[in-house]
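File shown here: target33.txt, holding compact mmCIF, C-alpha atoms.
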# COMPACT_ATOMS: atom_id res chain seq x y z
CA MET A 186 25.47 44.03 38.68
CA ARG A 187 22.73 46.56 37.90
CA ALA A 188 21.19 49.73 39.08
CA ASN A 189 18.22 51.82 37.97
CA ALA A 190 19.07 54.31 35.25
CA THR A 191 18.68 58.04 35.65
CA PRO A 192 15.61 59.67 34.03
CA SER A 193 17.65 60.88 31.03
CA LEU A 194 18.97 57.37 30.36
CA THR A 195 17.62 53.85 30.22
CA ALA A 196 19.83 50.79 30.00
CA GLY A 197 19.41 47.09 29.48
CA LEU A 198 21.88 44.24 29.48
CA LEU A 199 21.96 40.52 28.94
CA THR A 200 24.79 38.03 29.10
CA ASP A 201 24.48 34.47 27.83
CA VAL A 202 26.77 31.44 27.79
CA GLY A 203 26.15 30.76 24.07
CA ARG A 204 25.61 27.37 22.46
CA GLN A 205 29.08 25.92 22.02
CA ARG A 206 30.90 26.61 25.28
CA GLN A 207 31.40 23.41 27.20
CA GLY A 208 30.67 23.31 30.91
CA GLY A 209 28.11 26.11 30.84
CA VAL A 210 30.55 28.67 32.32
CA ASN A 211 30.04 32.25 31.25
CA GLN A 212 33.33 34.17 31.23
CA ASP A 213 31.57 37.42 30.26
CA ALA A 214 30.41 39.93 32.85
CA ALA A 215 28.65 43.29 32.63
CA LEU A 216 28.13 46.35 34.81
CA ALA A 217 25.41 49.03 34.83
CA LEU A 218 25.87 51.53 37.65
CA ASP A 219 23.71 54.60 38.19
CA LEU A 220 25.57 57.85 38.92
CA PRO A 221 24.23 61.32 39.83
CA THR A 222 25.09 62.77 36.41
CA GLY A 223 24.75 59.63 34.26
CA GLY A 224 26.08 56.13 34.67
CA LEU A 225 29.06 53.79 34.44
CA TYR A 226 28.62 50.84 32.09
CA ALA A 227 31.11 48.12 31.24
CA VAL A 228 31.60 44.74 29.57
CA ALA A 229 34.43 42.31 30.40
CA ASP A 230 35.29 39.11 28.53
CA GLY A 231 37.52 36.86 30.63
CA MET A 232 40.16 34.44 29.38
CA GLY A 233 42.54 31.85 30.79
CA GLY A 234 40.29 28.86 31.42
CA HIS A 235 36.70 28.62 32.58
CA VAL A 236 37.12 29.46 36.25
CA ALA A 237 39.99 31.91 35.69
CA GLY A 238 38.19 33.84 32.94
CA GLU A 239 35.02 34.20 34.98
CA LEU A 240 37.04 35.39 37.99
CA ALA A 241 39.07 37.86 35.95
CA ALA A 242 36.00 39.48 34.39
CA ASN A 243 34.23 39.94 37.71
CA LEU A 244 37.38 41.12 39.51
CA ALA A 245 37.87 43.76 36.83
CA LEU A 246 34.32 45.12 37.05
CA ASP A 247 34.33 45.17 40.86
CA ALA A 248 37.63 47.07 40.94
CA LEU A 249 36.56 49.42 38.15
CA SER A 250 33.35 50.52 39.84
CA GLN A 251 34.82 50.79 43.34
CA GLN A 252 37.86 52.78 42.24
CA TYR A 253 35.77 55.15 40.15
CA LEU A 254 33.40 55.81 43.05
CA ASP A 255 36.32 56.37 45.45
CA GLY A 256 38.44 58.34 42.99
CA ARG A 257 38.99 62.08 42.74
CA GLY A 258 39.78 64.45 39.91
CA THR A 259 38.11 64.88 36.56
CA PRO A 260 35.99 61.98 35.24
CA PRO A 261 38.45 61.11 32.42
CA ALA A 262 41.33 60.80 34.90
CA ARG A 263 39.17 58.86 37.36
CA LEU A 264 38.09 56.46 34.62
CA ALA A 265 41.68 55.85 33.49
CA GLU A 266 42.77 55.27 37.09
CA ALA A 267 39.85 52.88 37.61
CA VAL A 268 40.91 50.83 34.57
CA GLN A 269 44.45 50.67 35.96
CA CYS A 270 43.07 49.52 39.31
CA ALA A 271 41.10 46.80 37.51
CA ASN A 272 44.28 45.73 35.74
CA VAL A 273 46.18 45.43 39.03
CA ALA A 274 43.33 43.46 40.61
CA VAL A 275 43.48 40.88 37.82
CA LEU A 276 47.29 40.79 37.77
CA ARG A 277 47.58 40.15 41.52
CA HIS A 278 45.19 37.20 41.35
CA ALA A 279 46.98 35.61 38.35
CA VAL A 280 48.97 33.16 40.46
CA GLY A 281 48.85 29.42 41.06
CA GLU A 282 46.00 27.84 39.12
CA TYR A 283 45.04 31.28 37.79
CA VAL A 284 48.38 32.02 36.07
CA GLY A 285 47.76 33.49 32.62
CA MET A 286 44.25 34.72 33.29
CA GLY A 287 43.14 38.06 31.92
CA THR A 288 40.14 39.92 30.58
CA THR A 289 39.13 42.52 28.07
CA LEU A 290 37.45 45.64 29.44
CA LEU A 291 35.21 48.12 27.68
CA ALA A 292 33.72 50.91 29.79
CA ALA A 293 31.43 53.81 28.92
CA LEU A 294 31.04 56.61 31.43
CA ILE A 295 28.02 58.81 30.68
CA ASP A 296 28.60 62.19 32.29
CA ARG A 297 25.88 64.74 31.55
CA GLY A 298 25.94 65.27 27.78
CA ALA A 299 29.02 63.22 26.93
CA ALA A 300 30.29 59.65 26.86
CA LEU A 301 33.83 58.68 27.86
CA ILE A 302 35.03 55.40 26.38
CA ALA A 303 37.84 53.34 27.94
CA HIS A 304 38.82 50.32 25.86
CA VAL A 305 41.16 47.36 26.33
CA GLY A 306 40.82 44.28 24.12
CA ASP A 307 38.31 43.25 21.47
CA SER A 308 34.92 44.01 22.98
CA ARG A 309 33.22 46.75 20.97
CA ALA A 310 31.31 50.00 21.42
CA TYR A 311 28.83 51.20 18.81
CA LEU A 312 26.75 54.36 18.48
CA LEU A 313 23.43 54.39 16.64
CA ARG A 314 22.60 57.92 15.55
CA GLY A 315 20.30 59.16 12.81
CA GLY A 316 19.95 55.81 11.07
CA GLU A 317 23.71 55.24 11.00
CA LEU A 318 25.77 52.81 13.07
CA HIS A 319 29.23 54.02 14.06
CA ARG A 320 31.81 51.59 15.41
CA LEU A 321 33.53 53.59 18.14
CA THR A 322 36.34 51.17 18.99
CA GLU A 323 38.96 49.22 17.07
CA ASP A 324 39.71 45.68 18.23
CA HIS A 325 43.05 45.11 19.94
CA SER A 326 43.65 41.78 18.22
CA TRP A 327 45.92 40.16 15.68
CA VAL A 328 43.26 39.77 12.99
CA ALA A 329 42.10 43.38 13.46
CA GLU A 330 45.66 44.54 12.85
CA GLN A 331 45.79 42.47 9.66
CA VAL A 332 42.54 44.08 8.50
CA ARG A 333 43.91 47.58 9.23
CA LEU A 334 47.06 46.75 7.24
CA GLY A 335 44.98 45.50 4.31
CA HIS A 336 46.20 41.91 4.60
CA MET A 337 42.77 40.51 5.44
CA THR A 338 39.12 41.43 4.87
CA GLU A 339 36.50 41.78 7.61
CA ALA A 340 34.81 38.62 6.32
CA GLU A 341 38.08 36.67 6.43
CA ALA A 342 38.79 37.94 9.94
CA ARG A 343 35.44 36.61 11.18
CA ASP A 344 36.36 33.05 10.24
CA HIS A 345 40.10 33.12 10.94
CA GLN A 346 41.42 30.54 13.40
CA TRP A 347 43.20 33.30 15.36
CA ARG A 348 40.21 35.66 15.57
CA SER A 349 40.10 35.29 19.38
CA VAL A 350 43.76 36.15 19.94
CA VAL A 351 43.85 39.59 21.58
CA SER A 352 46.93 41.79 21.56
CA ASN A 353 45.96 43.78 24.67
CA ALA A 354 44.15 42.78 27.86
CA LEU A 355 44.00 43.40 31.59
CA GLY A 356 46.40 41.31 33.65
CA GLY A 357 49.23 41.22 31.14
CA GLU A 358 51.58 43.79 32.72
CA GLU A 359 51.71 46.26 35.60
CA ARG A 360 50.72 49.29 33.55
CA VAL A 361 47.64 48.87 31.43
CA ARG A 362 47.50 50.10 27.84
CA LEU A 363 44.13 51.54 26.89
CA GLU A 364 42.30 53.85 24.56
CA LEU A 365 40.47 56.73 26.21
CA PHE A 366 38.34 59.24 24.31
CA GLY A 367 35.10 61.14 24.60
CA LEU A 368 32.23 62.29 22.42
CA PRO A 369 29.18 64.49 23.00
CA LEU A 370 25.81 62.75 23.12
CA ARG A 371 22.43 63.94 21.90
CA ALA A 372 18.83 62.92 22.46
CA GLY A 373 17.97 59.78 20.49
CA ASP A 374 21.44 58.24 20.64
CA ARG A 375 21.69 54.53 21.38
CA LEU A 376 24.99 53.05 22.61
CA LEU A 377 25.86 49.35 22.41
CA LEU A 378 28.67 47.72 24.37
CA CYS A 379 29.20 44.06 23.49
CA SER A 380 31.65 41.20 23.75
CA ASP A 381 33.05 39.55 20.63
CA GLY A 382 30.55 36.72 21.10
CA LEU A 383 28.07 39.12 19.49
CA SER A 384 30.19 41.24 17.15
CA SER A 385 32.04 38.26 15.64
CA VAL A 386 28.76 36.58 14.67
CA VAL A 387 26.31 39.38 13.85
CA THR A 388 27.48 41.81 11.15
CA ASP A 389 27.38 45.57 11.59
CA GLN A 390 24.54 45.84 9.06
CA GLU A 391 22.52 43.28 11.00
CA LEU A 392 23.30 45.07 14.27
CA LEU A 393 22.02 48.31 12.72
CA LEU A 394 18.71 46.76 11.70
CA LEU A 395 18.18 45.14 15.09
CA LEU A 396 19.20 48.20 17.10
CA SER A 397 16.93 50.42 15.00
CA ARG A 398 13.80 48.63 16.12
CA PRO A 399 11.69 50.82 18.46
CA MET A 400 12.07 48.59 21.50
CA GLU A 401 13.28 49.06 25.07
CA PRO A 402 16.96 48.31 25.77
CA GLU A 403 16.20 45.10 27.70
CA ALA A 404 14.15 43.68 24.83
CA THR A 405 16.72 44.76 22.26
CA ALA A 406 19.53 43.11 24.22
CA ARG A 407 17.54 39.87 24.17
CA ILE A 408 17.09 40.12 20.39
CA LEU A 409 20.80 40.67 19.88
CA VAL A 410 21.74 37.68 22.03
CA ASN A 411 19.20 35.53 20.18
CA ALA A 412 20.71 36.63 16.86
CA ALA A 413 24.18 35.56 18.01
CA ASN A 414 22.86 32.21 19.17
CA ASP A 415 20.97 31.76 15.89
CA GLY A 416 24.33 32.28 14.20
CA GLY A 417 25.80 29.36 16.14
CA GLY A 418 26.60 30.97 19.51
CA PRO A 419 30.29 29.96 19.41
CA ASP A 420 31.23 32.12 22.40
CA ASN A 421 29.74 33.78 25.46
CA ILE A 422 27.54 36.71 24.42
CA THR A 423 26.98 40.03 26.20
CA ALA A 424 24.98 43.02 24.99
CA LEU A 425 24.57 46.22 26.98
CA ILE A 426 22.44 49.03 25.52
CA ILE A 427 22.09 52.62 26.76
CA ASP A 428 19.43 54.96 25.35
CA VAL A 429 19.82 58.74 25.67
CA HIS A 430 16.41 60.38 26.03
CA ARG A 431 17.23 64.06 26.26
CA ASP A 432 19.99 66.55 25.59
CA SER A 433 22.16 67.45 28.57
CA PRO A 434 24.79 70.17 29.02
CA ALA A 435 28.33 69.31 28.05
CA PRO A 436 30.82 68.61 30.85
CA ARG A 437 33.02 71.51 31.90
CA TYR A 438 36.27 69.64 31.25
CA PRO A 439 37.77 69.01 27.79
CA LEU A 440 36.92 65.60 26.38
CA PRO A 441 39.95 63.34 25.82
CA VAL A 442 40.95 62.93 22.20
CA ARG A 443 41.40 59.55 20.55
CA ARG A 444 45.05 58.89 19.78
CA GLU A 445 45.92 57.91 16.23
CA ASP A 446 48.59 55.45 17.42
CA GLY A 447 46.15 53.22 19.31
CA PRO A 448 46.25 52.25 23.00
CA ALA A 449 48.72 54.06 25.27
CA TYR A 450 50.06 53.37 28.74
CA VAL A 451 47.84 54.75 31.47
CA ASP A 452 50.46 57.14 32.86
CA VAL A 453 50.83 58.74 29.43
CA LEU A 454 47.07 59.26 29.22
CA LEU A 455 46.92 60.70 32.73
CA SER A 456 49.70 63.17 31.87
CA THR A 457 47.70 64.23 28.83
CA GLN A 458 44.62 64.73 30.97
CA ARG A 459 46.50 66.90 33.42
CA GLY A 460 47.75 68.99 30.55
CA SER A 461 44.23 69.44 29.14
CA SER A 462 43.18 71.16 32.36
CA LEU A 463 45.29 74.17 31.33
CA LEU A 464 42.28 75.62 29.53
CA THR A 465 40.37 75.69 32.81
CA TYR A 466 43.22 77.54 34.49
CA LEU A 467 43.38 79.96 31.57
CA LEU A 468 39.66 80.76 31.90
CA LEU A 469 40.08 81.37 35.62
CA MET A 470 43.10 83.62 35.01
CA VAL A 471 41.20 85.72 32.46
CA ALA A 472 38.29 86.12 34.87
CA TYR A 473 40.64 87.00 37.73
CA PHE A 474 42.57 89.66 35.81
CA THR A 475 39.36 91.11 34.43
CA LEU A 476 37.97 91.62 37.93
CA LEU A 477 41.34 92.92 39.13
CA GLY A 478 41.48 95.43 36.30
CA ILE A 479 37.95 96.66 37.04
CA MET A 480 38.89 97.27 40.68
CA LEU A 481 42.25 98.95 39.93
CA VAL A 482 41.06 101.07 36.99
CA PRO A 483 37.40 101.82 37.74
CA GLU A 484 37.21 104.59 35.12
CA ARG A 485 37.87 101.94 32.43
CA ARG A 486 35.74 99.23 33.98
CA MET A 487 33.33 99.12 31.01
CA LEU A 488 36.12 98.57 28.49
CA ILE A 489 37.96 96.06 30.71
CA GLY A 490 34.75 94.16 31.36
CA LEU A 491 33.92 93.98 27.66
CA LEU A 492 37.44 92.82 26.76
CA GLY A 493 37.45 90.19 29.52
CA THR A 494 34.00 88.91 28.56
CA ALA A 495 34.96 88.74 24.88
CA THR A 496 38.12 86.80 25.74
CA LEU A 497 36.18 84.32 27.88
CA LEU A 498 33.55 83.85 25.18
CA GLY A 499 36.27 83.38 22.57
CA LEU A 500 37.94 80.67 24.62
CA LEU A 501 34.63 78.89 25.21
CA VAL A 502 33.76 79.02 21.51
CA TRP A 503 37.22 77.67 20.68
CA GLN A 504 36.72 74.84 23.17
CA ARG A 505 33.33 74.01 21.65
CA THR A 506 34.87 73.98 18.17
CA GLN A 507 37.55 71.58 19.36
CA VAL A 508 34.90 69.28 20.87
CA THR A 509 33.01 69.26 17.57
CA ARG A 510 36.18 68.48 15.64
CA ARG A 511 37.04 65.64 18.00
CA THR A 512 33.55 64.22 17.61
CA LEU A 513 33.97 64.18 13.84
CA ASN A 514 37.26 62.31 14.31
CA VAL A 515 35.53 59.67 16.45
CA LEU A 516 32.47 59.42 14.20
CA LYS A 517 34.13 58.70 10.91
CA SER A 518 32.30 56.91 8.11
CA PRO A 519 29.50 54.77 9.59
CA SER A 520 30.06 51.03 9.51
CA ALA A 521 26.42 50.55 8.46
CA ALA A 522 23.53 52.78 7.39
CA LEU A 523 19.84 52.26 6.84
CA ASP A 524 18.67 52.11 3.24
CA PRO A 525 15.80 54.40 2.21
CA ALA A 526 13.70 51.34 1.44
CA PRO A 527 12.73 48.83 4.17
CA PRO A 528 14.28 45.34 4.08
CA ALA A 529 12.57 42.84 1.84
CA PRO A 530 9.96 40.65 3.57
CA ASP A 531 11.97 37.49 2.88
CA SER A 532 15.28 38.84 4.24
CA PRO A 533 16.85 36.72 7.03
CA LEU A 534 16.51 39.46 9.62
CA SER A 535 12.84 40.12 8.94
CA SER A 536 11.91 36.45 8.94
CA SER A 537 14.08 34.66 11.49
CA ARG A 538 15.54 37.14 14.00
CA HIS A 539 12.46 38.41 15.83
Encoded form (structure tokens):
Amino acid sequence: MRANATPSLTAGLLTDVGRQRQGGVNQDAALALDLPTGGLYAVADGMGGHVAGELAANLALDALSQQYLDGRGTPPARLAEAVQCANVAVLRHAVGEYVGMGTTLLAALIDRGAALIAHVGDSRAYLLRGGELHRLTEDHSWVAEQVRLGHMTEAEARDHQWRSVVSNALGGEERVRLELFGLPLRAGDRLLLCSDGLSSVVTDQELLLLLSRPMEPEATARILVNAANDGGGPDNITALIIDVHRDSPAPRYPLPVRREDGPAYVDVLLSTQRGSSLLTYLLLMVAYFTLLGIMLVPERRMLIGLLGTATLLGLLVWQRTQVTRRTLNVLKSPSAALDPAPPAPDSPLSSSRH
């Protein structure tokens, strides 16, 4: 499912069955949908048997895009509701021969100058910015939890027999648990959404080197898939890349903040989003009472106008400060960074992954 990108964005995606999956069935699916102020992009990795996994992934993406287009309210709330709709679509089809099917879902909504990330499962989102690669999502899986607790290293997790066991997926229960957060974007940013068929084979340092090449998203997606296949291709592989070409104004709504306690039920997130709209109401109230004061006390209109304007500017500056702080929370230490010196000519990436 694809659509042409807006002028400020270009996107490219590729999904591949890999080299070790029997039957040639690809349980991965991807979505790139053009929107008036950006785009909706998503990756789903189905599970539950060949036919069931493929069905679950495509059901989820169809429901996600349709619900978002039909939805109302702020984009964060619409995105959360769309993920819940995708969850219900998978759950209702998990009967008969499809019992037990499910899918991961990773969605990125680009809205003007910001990205909203909705995450369920172990597909990953990365941001390449200024020569540094930031992993935006944490896997919802058993091995990832062991790594976070310090019981296992990243290298051990890659080879563990339970590395594919997810702790959260669509189709498991009526209410979906997800992570939802936002971050401002800037010109030159490159986003990568990928299934674990890529991230479990190609290291973050290798991803950084490949993503840093000055190539179009389509060509870069092909290089990433080839790298995963060169590493054995043990699973289906999907890479979706979005390039940001110019700065855009920030959305007018507050960006959702990443929760420290991991994924939360969708109704909890929606309640949080409704609460975050209080700032908008506060701005409107200040503007209303400023105008009212000017009309009721015209002899003090200059002072009232200055006080009202200062209050509005103060609130807007505070909001911008909060957005910056939240961005720093999302973009913690990079998972990989370019060295000042170029890679040696005989390094594996420079010799075999072209």
Write out as number ranges by chain the residues lying within 10 Å of A:Ser397, counting only C-alpha atoms and excluding same-chain residues fewer than 5 positions away.
A: 313-318, 375, 391-392, 405, 523
Quick one: distance from atom CA of A:Ala300 to atom CA of A:Val228 in Å, one decimal?
15.2 Å
For A:Thr289: contacts at 9 Å, only C-alpha atoms, fewer than 5 positions along chain excluded, given as a PDB file with C-alpha atoms, in the frame of the given file:
ATOM      1  CA  VAL A 228      31.600  44.740  29.570  1.00  0.00           C
ATOM      2  CA  ALA A 229      34.430  42.310  30.400  1.00  0.00           C
ATOM      3  CA  ASP A 230      35.290  39.110  28.530  1.00  0.00           C
ATOM      4  CA  GLY A 231      37.520  36.860  30.630  1.00  0.00           C
ATOM      5  CA  MET A 232      40.160  34.440  29.380  1.00  0.00           C
ATOM      6  CA  ALA A 242      36.000  39.480  34.390  1.00  0.00           C
ATOM      7  CA  ALA A 245      37.870  43.760  36.830  1.00  0.00           C
ATOM      8  CA  HIS A 304      38.820  50.320  25.860  1.00  0.00           C
ATOM      9  CA  VAL A 305      41.160  47.360  26.330  1.00  0.00           C
ATOM     10  CA  GLY A 306      40.820  44.280  24.120  1.00  0.00           C
ATOM     11  CA  ASP A 307      38.310  43.250  21.470  1.00  0.00           C
ATOM     12  CA  SER A 308      34.920  44.010  22.980  1.00  0.00           C
ATOM     13  CA  VAL A 351      43.850  39.590  21.580  1.00  0.00           C
ATOM     14  CA  ASN A 353      45.960  43.780  24.670  1.00  0.00           C
ATOM     15  CA  ALA A 354      44.150  42.780  27.860  1.00  0.00           C
ATOM     16  CA  LEU A 355      44.000  43.400  31.590  1.00  0.00           C
ATOM     17  CA  SER A 380      31.650  41.200  23.750  1.00  0.00           C
TER      18      SER A 380
END
For A:Val236, the nearest of the candidates A:Glu282, A:Asp374, A:Glu401, A:Asp255, counting all atoms listed in the file:
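Looking at the shortest contact to A:Val236, the residue is A:Glu282.
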Coordinates-based distance that separates atom CA of A:Leu500 from atom CA of A:Leu477 (Å, one decimal)
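Those two atoms sit 19.3 Å apart.
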Please measure the separation of atom CA of A:Ala303 and atom CA of A:Pro434, giving the value in Å to one decimal.
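Between these atoms lies a distance of 21.3 Å.
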I'd like to know which of A:Thr195, A:Thr457, A:Ser384, A:Thr494 is closest to A:Ile295, using all atoms listed in the file.
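Once distances to A:Ile295 are computed over all atoms listed in the file, the minimum belongs to A:Thr195.
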Residues within 9 Å of A:Leu294, please, as a PyMOL selection string. Count only C-alpha atoms; anything in the same chain fewer than 4 positions from it doesn't count.
chain A and resi 223-227+260-261+264+299-303
Residue among A:Glu484, A:Glu403, A:Asp324, A:Glu358 lying closest to A:Ala279, counting all atoms listed in the file:
A:Glu358
Which one of A:Thr259, A:Arg444, A:Glu323, A:Ala237 sits closest to A:Tyr283 if you count all atoms listed in the file?
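For A:Tyr283, the nearest of the given residues is A:Ala237.
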Set up a box along x, y and z of the file covering all listed atoms of stretch 402-407 of chain A, add 5 Å on every one of the six sides, and write the centre and edge lengths in Å to one decimal, as lines of an AutoDock Vina configuration file.
center_x = 16.8
center_y = 44.1
center_z = 25.0
size_x = 15.4
size_y = 18.4
size_z = 15.4
